[in-house]
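Since the structure comes first, as structure tokens, the remarks are kept for the end.
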Amino acid sequence: MNKQEVSGGEALMLSLQEEAVDLVFGYPGGASLHIYDALFQQQAVQHVLVRHEQGAVHAADGYARATGKPGVIFVTSGPGATNAITGLATAFMDSTPVVVISSQVKSHLIGTDSFQETDMIGVSRPVVKHSYLVKKPEEIPKVVKEAFHVATTGRPGPVVIDIPKDLTDASYNFKFSYPKEIDIRSYKPVDEGHSGQIKKAVKALLRSKRPIIYSGGGVIQGNASEELTKLVRLLNFPVTNTLMGLGAYPGTDPLFVGMLGMHGTYEANMAMHNSDLILAVGARFDDRITNSPDLFALDAKKIHIDVDPASLSKIIAVDIPIVGSAKTCLSQLIEELEKEKYEIDKDSLEPWWDQINNWKKEHGLDHNLVDKAPPKGKILPQQVVQSLYRETKGDAFITSDVGQHQMFAAQYYHFDKPRRWINSGGLGTMGFGLPAAIGVQLAHPGSVVACITGEGSIQMCIQELSTCLQYGLPLKIININNQSLGMVKQWQDMQYGGRLSESTYQGSLPDFIALTESFGHVGMKVEKYEDLQKSMEECFKMTDKLVFMDIYVDPDEHVYPMLEAGKSMQDMWLDKDKKTWE
Amino acid sequence: MSERILSVLVEDKPGVLARVALTISRRGFNINSLSVGPTNIEGRSKMTIVTELESVEQVKKQLNKLVNVIKIVELDPDNNIESEVLLMKVSINKETQTSVIEKASLSGAKSVDVGQDYAIFELTGTSKELIKFEKLLKPYGIIEMIRGGRIAIQTKL
């Protein structure tokens, strides 16, 4: 294979095969015609035709999050490229490995404001880990090799390869050879943590009296769930996960205290605030976690493991920073602990656990809401998630959009495995859920994939229902319909005197059932609490069909707990009238 | 806020300058001066960036993340040699000609071009020296002045 003469387009396809890419998401256009012709003439790489380039990137992103393999996207120049930007920014904020191969106008037209020209490298620069403008067809294999290396190693992230049309023209051929090794002098991610720091960390862990382990998306991206679980169980410490980190530690395990942060559980936020030691792994002390940084866990010594040195002491000053991958550093901690014939401070840990369990008893989430008829007669959004959890036995892949439904999903669906909970945590991209579910379903054809969404988010990428029909994807779309932009409305209720500025639709919502049916799928409308569980069963019985459940819920429900802005992690709203301070 | 000088060794690839500038500007920091040029090693360029940063550590870390950035050194203000070049076009007439050229020459500037009603000087020195020179000739009427970016090198090994 390495000796044949190929065109630039063919070289691209061969390079993708070398990277073991079997699936590409994309949308063709003028500048990418040569590439699509090369795609057509081979079988190894399959292509999924989306309906909008934003959907292509989200789908590839979903595929990447569910598998750990990079997601690959083809877009054309100009609008094709700019439509990919939201997807790139989403992947960038959540550090997922995607490679966007954008076509560019012909080399001699670059910079002349030619038809469908945009400076993709310039436009995408703030939201990519790295990018390449290819200058010669012969560079394609090396650039692809480098791009995949950069996208998938260290702190993963999106990479753009911009290829002018003339470079992929079939009329020019050259000898294809794919580089075996790659060496970028200025790019050497650190894997192993500094042994001195590891020793210090173990000492601090054993000395602590009120410890907590706080883990984030880095543990999932870094395939370190096993190590995290082992460490937590060795120490018998409480563990909390960020929104991006759910599933890194089994959600139904008694040592798990729930998600932390803005809408985290009471016990997780209280435990963070009152701890004397925080071990942060693959998490970045985001503002949705810390609340006011100057009031954040003041008594706690902080150990921070992160593969990205720029994350260390960026927001919160850390006592023991450790640069390295979550997997290796956690293994090092375990090894050091076992070597030390460690002893945990049981006498201190016991009252600490009592305290945490008390917090949980006082104001923990009620995971059996679905068993009780809702007081106002209207289905509660939490009940929808609980009903879904029971119906899928907690074993589905769940993608989500952005807003209240996302928070309810994170709070009430217990994730026992990593890569099962797929949502746009960093950028908060409405419209992510449906295309992401497409990528997840294609990655795991036999598995149950549900998209928890709302009537706002789903309309942002609704066109992808058409893609689902083309590829026969039996997704289950759980539309938690509260007839308003719920999270916006919640803030307007709480902080703007209930002035609902542009957060309702004035009776203009589409008939989602008719809409779904017009796309060739099954629609179900649920309005009564009594019908919820039954409909949910019915929906999941249709294993070979996409089912869109339009579930009408109480529009006045808010997400609680909720951290109060400008205060610490212990200052929470617990419901509409109850707050933990004053 | 005090000035910080970063000496950044980069791969000589297209777009590196844009990436570096963006990394600094997206955090809301101004760049006071920036110069880029080749080094003695082929394929490597050196950028000297003068900026007023509150938290230079974070910017250094972010710059280090750029794939094309090889090394970043923050220069110690007390242990570096700094230099900057200035070109200045000054208005002259028969009466002022002699004193302008004399003053410039005493300041160490080179007269690179002298016409009937103007003179162009070139001066290399520290920023302070250049500012002093500007003040000195300002009364005669500066028609145009350009300062190149500052470059700096550490005095110890």
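If you're wondering about the labels, chains in the structure tokens are A, B, ... by order shown, residues count from 1 in each chain, ligands from 1 in order shown.
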Would you tabulate, counting only C-alpha atoms, all residues of chain A that have an atom at most 9 Å from an atom of chain B, showing the closest pair of atoms and their distance in Å to one decimal, sorted by chain then ascending number, as CSV?
```
residue,atom,partner,partner_atom,distance
A:Ile121,CA,B:Gly15,CA,8.7
A:Gly122,CA,B:Ala18,CA,8.6
A:Arg125,CA,B:Arg19,CA,7.3
A:Pro126,CA,B:Leu22,CA,7.4
A:Lys129,CA,B:Leu66,CA,7.7
A:His130,CA,B:Val67,CA,6.8
A:Leu133,CA,B:Pro14,CA,8.8
A:Val150,CA,B:Val67,CA,8.3
A:Ile184,CA,B:Val67,CA,8.1
A:Arg185,CA,B:Ile70,CA,7.1
A:Ser186,CA,B:Ile70,CA,4.4
A:Tyr187,CA,B:Val67,CA,5.4
A:Asp308,CA,B:Lys65,CA,8.1
A:Pro309,CA,B:Lys61,CA,6.6
A:Ala310,CA,B:Lys61,CA,4.9
A:Ser311,CA,B:Lys61,CA,8.6
A:Ser313,CA,B:Gln58,CA,8.5
A:Lys314,CA,B:Gln58,CA,6.6
```
Exercise. Near stretch 62-78 of chain A, counting only C-alpha atoms, which residues have an atom at most 7 Å away, once you skip same-chain residues fewer than 3 positions from it, shown as a PyMOL selection string?
Worked result: chain A and resi 24-32+53+56-59+81-82+96-105+116-118+152+221+419-420+422+436-437+439-440+443
Exercise. Counting only C-alpha atoms, which of A:Leu205, A:Leu260, A:Met93, A:Ile478 gets nearest to A:Ile278?
Worked result: A:Leu205
Skipping near chain neighbours, those fewer than 6 positions away, what residues fall within 7 Å of stretch 402-406 of chain A using only C-alpha atoms, listed as a JSON list (two decimals) with N, CA and C atoms, in the first residue's frame?
```
[["chain", "number", "residue", "atom", "x", "y", "z"],
["A", 428, "GLY", "N", -21.81, 24.53, 27.16],
["A", 428, "GLY", "CA", -23.26, 24.60, 27.36],
["A", 428, "GLY", "C", -23.97, 24.85, 26.05],
["A", 429, "THR", "N", -23.77, 23.95, 25.09],
["A", 429, "THR", "CA", -24.31, 24.15, 23.75],
["A", 429, "THR", "C", -25.69, 23.51, 23.60],
["A", 430, "MET", "N", -26.72, 24.34, 23.52],
["A", 430, "MET", "CA", -28.04, 23.80, 23.20],
["A", 430, "MET", "C", -27.97, 23.25, 21.79],
["A", 452, "ILE", "N", -31.88, 13.09, 26.52],
["A", 452, "ILE", "CA", -32.75, 13.88, 27.38],
["A", 452, "ILE", "C", -32.64, 15.32, 26.92],
["A", 453, "THR", "N", -33.76, 15.90, 26.55],
["A", 453, "THR", "CA", -33.70, 17.23, 25.97],
["A", 453, "THR", "C", -34.90, 18.04, 26.43],
["A", 454, "GLY", "N", -34.99, 19.24, 25.91],
["A", 454, "GLY", "CA", -36.14, 20.10, 26.22],
["A", 454, "GLY", "C", -36.67, 20.66, 24.92],
["A", 457, "SER", "N", -33.95, 23.25, 23.41],
["A", 457, "SER", "CA", -32.73, 22.68, 22.83],
["A", 457, "SER", "C", -32.99, 21.85, 21.59],
["A", 480, "ILE", "N", -38.36, 16.78, 27.64],
["A", 480, "ILE", "CA", -38.98, 17.28, 28.87],
["A", 480, "ILE", "C", -39.53, 18.67, 28.56],
["A", 486, "GLY", "N", -36.47, 26.82, 30.31],
["A", 486, "GLY", "CA", -36.58, 26.59, 31.74],
["A", 486, "GLY", "C", -35.50, 27.24, 32.60],
["A", 487, "MET", "N", -34.25, 27.10, 32.20],
["A", 487, "MET", "CA", -33.19, 27.62, 33.06],
["A", 487, "MET", "C", -33.19, 29.16, 33.04],
["A", 559, "VAL", "N", -34.58, 23.95, 39.43],
["A", 559, "VAL", "CA", -33.53, 22.99, 39.80],
["A", 559, "VAL", "C", -32.93, 23.42, 41.14]]
```
Problem set entry | Test item: residues at most 10 Å from B:Ile151, only C-alpha atoms, excluding those fewer than 3 positions along its chain, as an NGL selection string | :B and (5-7 or 33-37 or 46-50 or 81-85 or 126 or 148)
